[in-house]
>>> print(open('run12.tsv').read())   # TSV, C-alpha atoms and all ligand atoms
chain	number	residue	atom	x	y	z
A	6	MET	CA	33.93	25.17	-66.39
A	7	ARG	CA	32.67	21.91	-64.92
A	8	THR	CA	35.28	19.17	-64.45
A	9	PRO	CA	34.13	16.11	-66.41
A	10	ILE	CA	33.38	12.88	-64.58
A	11	ILE	CA	33.74	9.39	-65.98
A	12	ALA	CA	32.18	6.85	-63.63
A	13	GLY	CA	31.98	3.09	-63.94
A	14	ASN	CA	29.19	1.08	-62.36
A	15	TRP	CA	30.42	-2.48	-62.05
A	16	LYS	CA	27.06	-3.80	-60.83
A	17	MET	CA	27.22	-7.44	-59.60
A	18	HIS	CA	30.49	-8.20	-61.39
A	19	ASN	CA	34.11	-8.82	-60.40
A	20	THR	CA	35.70	-10.89	-57.69
A	21	ILE	CA	38.21	-9.25	-55.38
A	22	ALA	CA	41.07	-10.35	-57.65
A	23	GLU	CA	39.30	-9.05	-60.77
A	24	ALA	CA	38.46	-5.73	-59.11
A	25	THR	CA	42.08	-5.34	-58.04
A	26	SER	CA	43.49	-5.92	-61.52
A	27	LEU	CA	40.88	-3.65	-63.13
A	28	VAL	CA	41.73	-0.78	-60.77
A	29	GLU	CA	45.44	-1.43	-61.34
A	30	ALA	CA	44.93	-1.25	-65.11
A	31	LEU	CA	42.91	1.97	-64.79
A	32	THR	CA	45.65	3.65	-62.75
A	33	LYS	CA	47.79	3.31	-65.90
A	34	ALA	CA	45.08	4.44	-68.33
A	35	GLY	CA	46.07	8.11	-68.55
A	36	ASN	CA	43.61	10.94	-68.06
A	37	LYS	CA	44.09	13.50	-70.80
A	38	ASN	CA	40.95	15.49	-69.94
A	39	GLN	CA	41.78	15.60	-66.23
A	40	ALA	CA	38.41	14.04	-65.58
A	41	GLU	CA	37.28	12.82	-62.20
A	42	ILE	CA	37.40	9.04	-62.45
A	43	ILE	CA	35.09	7.02	-60.24
A	44	VAL	CA	34.44	3.28	-60.06
A	45	ALA	CA	31.63	1.59	-58.16
A	46	PRO	CA	32.55	-2.00	-57.26
A	47	SER	CA	30.41	-4.46	-55.32
A	48	TYR	CA	30.53	-4.03	-51.54
A	49	THR	CA	32.84	-7.05	-51.26
A	50	ALA	CA	35.51	-5.31	-53.35
A	51	LEU	CA	35.10	-1.74	-52.05
A	52	ALA	CA	37.96	-1.90	-49.57
A	53	VAL	CA	40.41	-3.61	-51.89
A	54	ALA	CA	39.53	-1.26	-54.76
A	55	ALA	CA	40.05	1.74	-52.48
A	56	HIS	CA	43.35	0.30	-51.28
A	57	THR	CA	44.54	-0.37	-54.84
A	58	ALA	CA	43.44	3.11	-56.00
A	59	LYS	CA	45.30	4.88	-53.18
A	60	GLY	CA	47.62	7.56	-54.53
A	61	SER	CA	45.91	7.52	-57.96
A	62	GLU	CA	43.16	9.76	-59.32
A	63	ILE	CA	40.55	7.02	-59.05
A	64	LYS	CA	37.77	7.52	-56.52
A	65	ILE	CA	35.54	4.79	-55.18
A	66	ALA	CA	31.75	4.78	-55.03
A	67	ALA	CA	29.29	2.41	-53.44
A	68	GLN	CA	26.44	1.32	-55.71
A	69	ASP	CA	23.87	2.06	-53.01
A	70	VAL	CA	23.59	2.70	-49.27
A	71	HIS	CA	20.99	2.01	-46.62
A	72	TRP	CA	19.36	4.96	-44.87
A	73	GLU	CA	20.29	3.93	-41.33
A	74	ASP	CA	23.80	3.99	-39.86
A	75	LYS	CA	23.48	0.54	-38.27
A	76	GLY	CA	20.91	-1.90	-36.98
A	77	ALA	CA	18.86	-4.98	-37.76
A	78	PHE	CA	18.75	-4.65	-41.55
A	79	THR	CA	20.04	-8.00	-42.80
A	80	SER	CA	22.08	-7.68	-46.02
A	81	ALA	CA	22.02	-3.88	-46.06
A	82	VAL	CA	25.18	-1.75	-45.97
A	83	SER	CA	25.29	1.66	-44.36
A	84	PRO	CA	27.00	4.92	-45.37
A	85	VAL	CA	29.27	4.54	-42.34
A	86	GLN	CA	30.39	1.13	-43.58
A	87	VAL	CA	31.05	2.16	-47.18
A	88	LYS	CA	33.02	5.19	-45.98
A	89	ASP	CA	34.99	2.92	-43.69
A	90	ALA	CA	35.79	0.75	-46.74
A	91	GLY	CA	37.12	3.79	-48.60
A	92	ALA	CA	34.17	5.05	-50.65
A	93	THR	CA	33.83	8.79	-51.12
A	94	HIS	CA	30.77	8.60	-53.39
A	95	THR	CA	27.61	6.55	-53.65
A	96	ILE	CA	25.17	5.93	-56.46
A	97	ILE	CA	21.56	6.33	-55.33
A	98	GLY	CA	18.44	5.59	-57.37
A	99	HIS	CA	19.90	3.48	-60.15
A	100	SER	CA	17.02	2.20	-62.27
A	101	GLU	CA	17.88	-1.39	-61.31
A	102	ARG	CA	17.41	-0.41	-57.65
A	103	ARG	CA	14.12	1.25	-58.51
A	104	SER	CA	12.70	-1.51	-60.71
A	105	ILE	CA	14.17	-4.74	-59.28
A	106	PHE	CA	14.49	-3.87	-55.59
A	107	GLY	CA	11.53	-1.51	-55.26
A	108	ASP	CA	13.39	1.61	-54.16
A	109	THR	CA	10.67	4.26	-54.12
A	110	ASP	CA	11.22	8.01	-54.26
A	111	GLU	CA	10.60	8.10	-50.51
A	112	ILE	CA	13.24	5.44	-49.80
A	113	LEU	CA	15.70	7.18	-52.12
A	114	ASN	CA	15.12	10.46	-50.33
A	115	LYS	CA	16.07	8.78	-47.04
A	116	LYS	CA	19.17	7.28	-48.66
A	117	VAL	CA	20.21	10.70	-49.99
A	118	ALA	CA	19.79	12.11	-46.48
A	119	ALA	CA	21.93	9.35	-44.99
A	120	ALA	CA	24.68	9.76	-47.59
A	121	LEU	CA	24.80	13.53	-47.15
A	122	ARG	CA	24.82	13.18	-43.36
A	123	HIS	CA	28.05	11.22	-43.72
A	124	GLY	CA	29.66	13.43	-46.35
A	125	LEU	CA	29.37	10.98	-49.23
A	126	THR	CA	29.00	12.57	-52.66
A	127	VAL	CA	25.73	11.38	-54.17
A	128	ILE	CA	25.39	10.29	-57.80
A	129	PHE	CA	21.61	10.50	-58.10
A	130	CYS	CA	20.15	8.61	-61.06
A	131	VAL	CA	17.02	9.56	-62.93
A	132	GLY	CA	15.51	8.35	-66.18
A	133	GLU	CA	12.37	7.43	-68.04
A	134	THR	CA	11.15	4.10	-69.39
A	135	LEU	CA	10.47	3.64	-73.09
A	136	ALA	CA	6.69	3.78	-72.43
A	137	GLU	CA	7.12	7.09	-70.60
A	138	ARG	CA	9.23	8.53	-73.44
A	139	GLU	CA	6.69	7.42	-76.03
A	140	ALA	CA	3.92	9.03	-74.00
A	141	ASN	CA	5.87	12.32	-73.98
A	142	LYS	CA	6.33	12.11	-70.22
A	143	THR	CA	10.15	12.14	-70.12
A	144	LEU	CA	10.65	15.56	-68.55
A	145	ALA	CA	7.72	15.22	-66.14
A	146	VAL	CA	9.03	11.86	-64.92
A	147	ILE	CA	12.53	13.21	-64.39
A	148	GLU	CA	11.34	16.35	-62.62
A	149	GLY	CA	9.24	14.15	-60.34
A	150	GLN	CA	12.21	11.90	-59.55
A	151	LEU	CA	14.35	14.93	-58.72
A	152	ALA	CA	11.66	16.70	-56.70
A	153	ASN	CA	10.86	13.63	-54.60
A	154	GLY	CA	14.33	12.16	-54.30
A	155	LEU	CA	15.98	15.44	-53.28
A	156	LYS	CA	13.04	16.73	-51.24
A	157	GLY	CA	13.85	18.83	-48.20
A	158	PHE	CA	17.40	19.81	-49.17
A	159	THR	CA	18.72	23.24	-50.03
A	160	ALA	CA	21.25	23.96	-52.76
A	161	GLU	CA	23.82	24.48	-50.00
A	162	GLN	CA	23.15	21.00	-48.60
A	163	LEU	CA	23.21	19.45	-52.08
A	164	LYS	CA	26.46	21.16	-53.10
A	165	GLY	CA	28.63	18.68	-55.02
A	166	LEU	CA	25.65	16.55	-56.02
A	167	ILE	CA	26.10	14.62	-59.27
A	168	ILE	CA	23.04	13.77	-61.34
A	169	ALA	CA	23.07	10.87	-63.80
A	170	TYR	CA	20.49	10.88	-66.57
A	171	GLU	CA	20.03	7.26	-67.53
A	172	PRO	CA	17.10	6.50	-69.83
A	173	VAL	CA	15.94	3.05	-68.70
A	174	TRP	CA	15.52	1.92	-72.33
A	175	ALA	CA	19.22	2.58	-72.97
A	176	ILE	CA	20.72	0.74	-69.99
A	177	GLY	CA	22.40	-2.52	-70.93
A	178	THR	CA	20.41	-2.67	-74.17
A	179	GLY	CA	22.99	-1.40	-76.63
A	180	LYS	CA	20.55	1.41	-77.51
A	181	THR	CA	22.10	4.77	-76.77
A	182	ALA	CA	20.20	8.03	-76.62
A	183	THR	CA	21.33	10.25	-79.47
A	184	PRO	CA	23.58	13.10	-78.37
A	185	GLU	CA	20.66	15.42	-79.15
A	186	GLN	CA	18.25	13.43	-76.95
A	187	ALA	CA	20.80	13.48	-74.12
A	188	GLN	CA	21.43	17.21	-74.53
A	189	GLU	CA	17.71	18.00	-74.50
A	190	VAL	CA	17.15	16.20	-71.19
A	191	HIS	CA	20.37	17.49	-69.62
A	192	ALA	CA	19.42	21.07	-70.49
A	193	ALA	CA	15.96	20.48	-69.01
A	194	ILE	CA	17.50	19.11	-65.80
A	195	ARG	CA	19.75	22.18	-65.57
A	196	ALA	CA	16.77	24.46	-66.11
A	197	TYR	CA	14.89	22.58	-63.39
A	198	LEU	CA	17.82	23.06	-60.97
A	199	ALA	CA	17.92	26.80	-61.76
A	200	LYS	CA	14.16	27.14	-61.23
A	201	THR	CA	14.06	25.04	-58.04
A	202	TYR	CA	17.33	26.14	-56.42
A	203	ASP	CA	19.36	28.86	-58.10
A	204	ASP	CA	21.40	29.53	-61.18
A	205	ALA	CA	24.78	29.04	-59.51
A	206	PHE	CA	23.78	25.57	-58.31
A	207	ALA	CA	22.44	24.70	-61.77
A	208	GLN	CA	25.67	25.83	-63.43
A	209	GLU	CA	28.00	23.96	-61.09
A	210	THR	CA	26.10	20.65	-60.86
A	211	ARG	CA	27.57	17.92	-63.04
A	212	ILE	CA	25.03	15.94	-65.07
A	213	LEU	CA	26.26	12.60	-66.43
A	214	TYR	CA	24.72	10.60	-69.25
A	215	GLY	CA	24.39	6.85	-68.81
A	216	GLY	CA	23.00	4.17	-71.08
A	217	SER	CA	25.15	2.05	-73.39
A	218	VAL	CA	28.04	4.53	-73.43
A	219	LYS	CA	30.87	2.95	-75.40
A	220	ASP	CA	34.36	3.75	-76.61
A	221	THR	CA	32.78	4.33	-80.01
A	222	ASN	CA	30.07	6.84	-78.99
A	223	VAL	CA	31.52	8.64	-75.97
A	224	ASP	CA	33.12	11.45	-78.01
A	225	GLU	CA	29.89	12.66	-79.61
A	226	ILE	CA	27.97	12.44	-76.33
A	227	MET	CA	30.66	14.31	-74.38
A	228	ALA	CA	30.68	17.03	-77.05
A	229	LYS	CA	27.24	18.22	-75.93
A	230	GLU	CA	27.19	21.36	-73.85
A	231	ASP	CA	25.21	20.09	-70.88
A	232	VAL	CA	26.74	16.60	-70.77
A	233	ASP	CA	29.39	16.73	-68.05
A	234	GLY	CA	30.36	13.09	-68.01
A	235	ALA	CA	29.28	9.50	-68.34
A	236	LEU	CA	28.07	6.74	-66.06
A	237	VAL	CA	29.15	3.53	-67.74
A	238	GLY	CA	28.01	-0.02	-67.04
A	239	GLY	CA	29.13	-2.79	-69.39
A	240	GLN	CA	32.19	-1.12	-70.86
A	241	SER	CA	33.53	-0.07	-67.46
A	242	LEU	CA	34.34	-3.75	-66.87
A	243	ILE	CA	36.80	-3.86	-69.77
A	244	ALA	CA	40.01	-1.98	-68.98
A	245	GLU	CA	40.88	-0.91	-72.56
A	246	LYS	CA	37.33	0.20	-73.35
A	247	PHE	CA	36.92	2.16	-70.12
A	248	ALA	CA	40.39	3.70	-70.57
A	249	ARG	CA	39.30	4.99	-73.99
A	250	ILE	CA	36.09	6.38	-72.48
A	251	ILE	CA	38.09	8.15	-69.74
A	252	ASN	CA	40.28	9.64	-72.50
A	253	PHE	CA	37.36	10.82	-74.63
A	254	ASN	CA	38.00	13.35	-77.36
A	301	LIG	C1	24.34	1.65	-65.91
A	301	LIG	O1	23.97	0.61	-65.43
A	301	LIG	O2	24.45	2.64	-65.17
A	301	LIG	C2	24.63	1.69	-67.34
A	301	LIG	C3	24.66	2.86	-67.91
A	301	LIG	O3	24.85	0.50	-68.00
A	301	LIG	P1	25.32	0.30	-69.52
A	301	LIG	O4	26.44	1.24	-69.79
A	301	LIG	O5	25.76	-1.13	-69.59
A	301	LIG	O6	24.13	0.57	-70.38
>>> encode(input="run12.tsv", output="structure tokens", more="lines below")
Ligand code: PEP
Amino acid sequence: MRTPIIAGNWKMHNTIAEATSLVEALTKAGNKNQAEIIVAPSYTALAVAAHTAKGSEIKIAAQDVHWEDKGAFTSAVSPVQVKDAGATHTIIGHSERRSIFGDTDEILNKKVAAALRHGLTVIFCVGETLAEREANKTLAVIEGQLANGLKGFTAEQLKGLIIAYEPVWAIGTGKTATPEQAQEVHAAIRAYLAKTYDDAFAQETRILYGGSVKDTNVDEIMAKEDVDGALVGGQSLIAEKFARIINFN
């Protein structure tokens, strides 16, 4: 049995006051599936979100980390700093980081190393573009992202890793992968983990689906065997919607 995870990626949204009231609302949302609940605020709201979430079930993630602990890297934020602010998790490899900010597999691999070095739980994102899906390259692309991004680590070192399958064509577009499309890729990721590491690691690793998850489609997606949770963008900003997603059926 894998504990489900419902994670919210707030992207570049929410002031400190807005982040505080959203976390406050989520602490009262209930959690009927006893899911792990994670929210990823902007760096500016990490500390206040962590402070507000104290004593609740809500855990805090950074949306990214730099690969060095400190130094002359203007605008970057290190794993040490996000931990200091109260984060226990970090997203790495979100498609917006890959496509807008140029995070390559090599950079992501260094970020994974830095996060693991500091005991942050990594939510590692993978996913294909529409062109790649239409060219039947979905599984090859995802295996490549996993192989390169997680290069050099054993199953023991990666223990606790969370993978998020987020088809790029479904992020922020309103287009959701069908539950069958999600299940197919999630099963392939699990098979890849079994082949590359071992069966125990494959069975215990949580694989989240992300891409236009809503209060209206979460139930059917979560019903799929290899879908262990959701990474939610837009609807994680709306307390009632995200509360319904947390309390999926
Ligand atoms: C995301 O950015 O991780 C995401 C899944 O966004 P949305 O739910 O808005 O598609």
>>> closest_residue(input="run12.tsv", among="A:Leu155, A:Ala244, A:Ala182, A:Met227", to="ligand LIG 301 (chain A)", atoms="all atoms listed in the file")
A:Ala182
>>> residues_near_ligand(input="run12.tsv", ligand="ligand LIG 301 (chain A)", cutoff="7 Å", atoms="all atoms listed in the file", output="NGL selection string")
:A and (14 or 99 or 171 or 175-179 or 215-218 or 236-240)
>>> residues_around(input="run12.tsv", residues="Tyr214 in chain A", least_positions_apart="5", cutoff="7 Å", atoms="all atoms listed in the file", output="NGL selection string")
:A and (169-171 or 187 or 232 or 234-236)
>>> closest_residue(input="run12.tsv", among="A:Glu29, A:Glu185, A:Glu41, A:Asp110", to="Ala55 in chain A", atoms="all atoms listed in the file")
A:Glu29
>>> residues_around(input="run12.tsv", residues="Ala193 in chain A", least_positions_apart="3", cutoff="10 Å", atoms="only C-alpha atoms", output="list of chain:residue names")
A:Leu144, A:Ile147, A:Glu148, A:Ala187, A:Gln188, A:Glu189, A:Val190, A:Ala196, A:Tyr197, A:Leu198, A:Ala199, A:Asp231
>>> closest_residue(input="run12.tsv", among="A:Leu135, A:Val44, A:Val173, A:Ile194", to="Leu151 in chain A", atoms="all atoms listed in the file")
A:Ile194
>>> closest_residue(input="run12.tsv", among="A:His191, A:Thr181, A:Tyr202, A:Leu125", to="Ala152 in chain A", atoms="all atoms listed in the file")
A:Tyr202
>>> atom_distance(input="run12.tsv", atom1="CA of Val53 in chain A", atom2="CA of Leu31 in chain A")
14.3 Å
>>> atom_distance(input="run12.tsv", atom1="CA of Ala192 in chain A", atom2="CA of Ala67 in chain A")
27.1 Å
>>> atom_distance(input="run12.tsv", atom1="CA of Ala160 in chain A", atom2="CA of Thr210 in chain A")
10.0 Å
>>> residues_around(input="run12.tsv", residues="Ile243 in chain A", least_positions_apart="5", cutoff="12 Å", atoms="only C-alpha atoms", output="ChimeraX atom specification")
/A:13-15,18-19,23-24,26-28,30-31,34,219-220,237-238,248-250
>>> axis_aligned_box(input="run12.tsv", around="range 49-57 of chain A", padding_each_side="8 Å", output="lines of an AutoDock Vina configuration file")
center_x = 38.7
center_y = -2.7
center_z = -52.2
size_x = 27.7
size_y = 24.8
size_z = 21.3
>>> residues_around(input="run12.tsv", residues="Glu209 in chain A", least_positions_apart="3", cutoff="9 Å", atoms="only C-alpha atoms", output="VMD selection string")
chain A and resid 6 to 7 164 to 165 204 to 206
>>> residues_around(input="run12.tsv", residues="Leu166 in chain A", least_positions_apart="3", cutoff="7 Å", atoms="all atoms listed in the file", output="VMD selection string")
chain A and resid 126 to 128 163 210
>>> closest_residue(input="run12.tsv", among="A:Trp72, A:Phe106, A:Phe158, A:Phe78", to="Ala119 in chain A", atoms="all atoms listed in the file")
A:Trp72
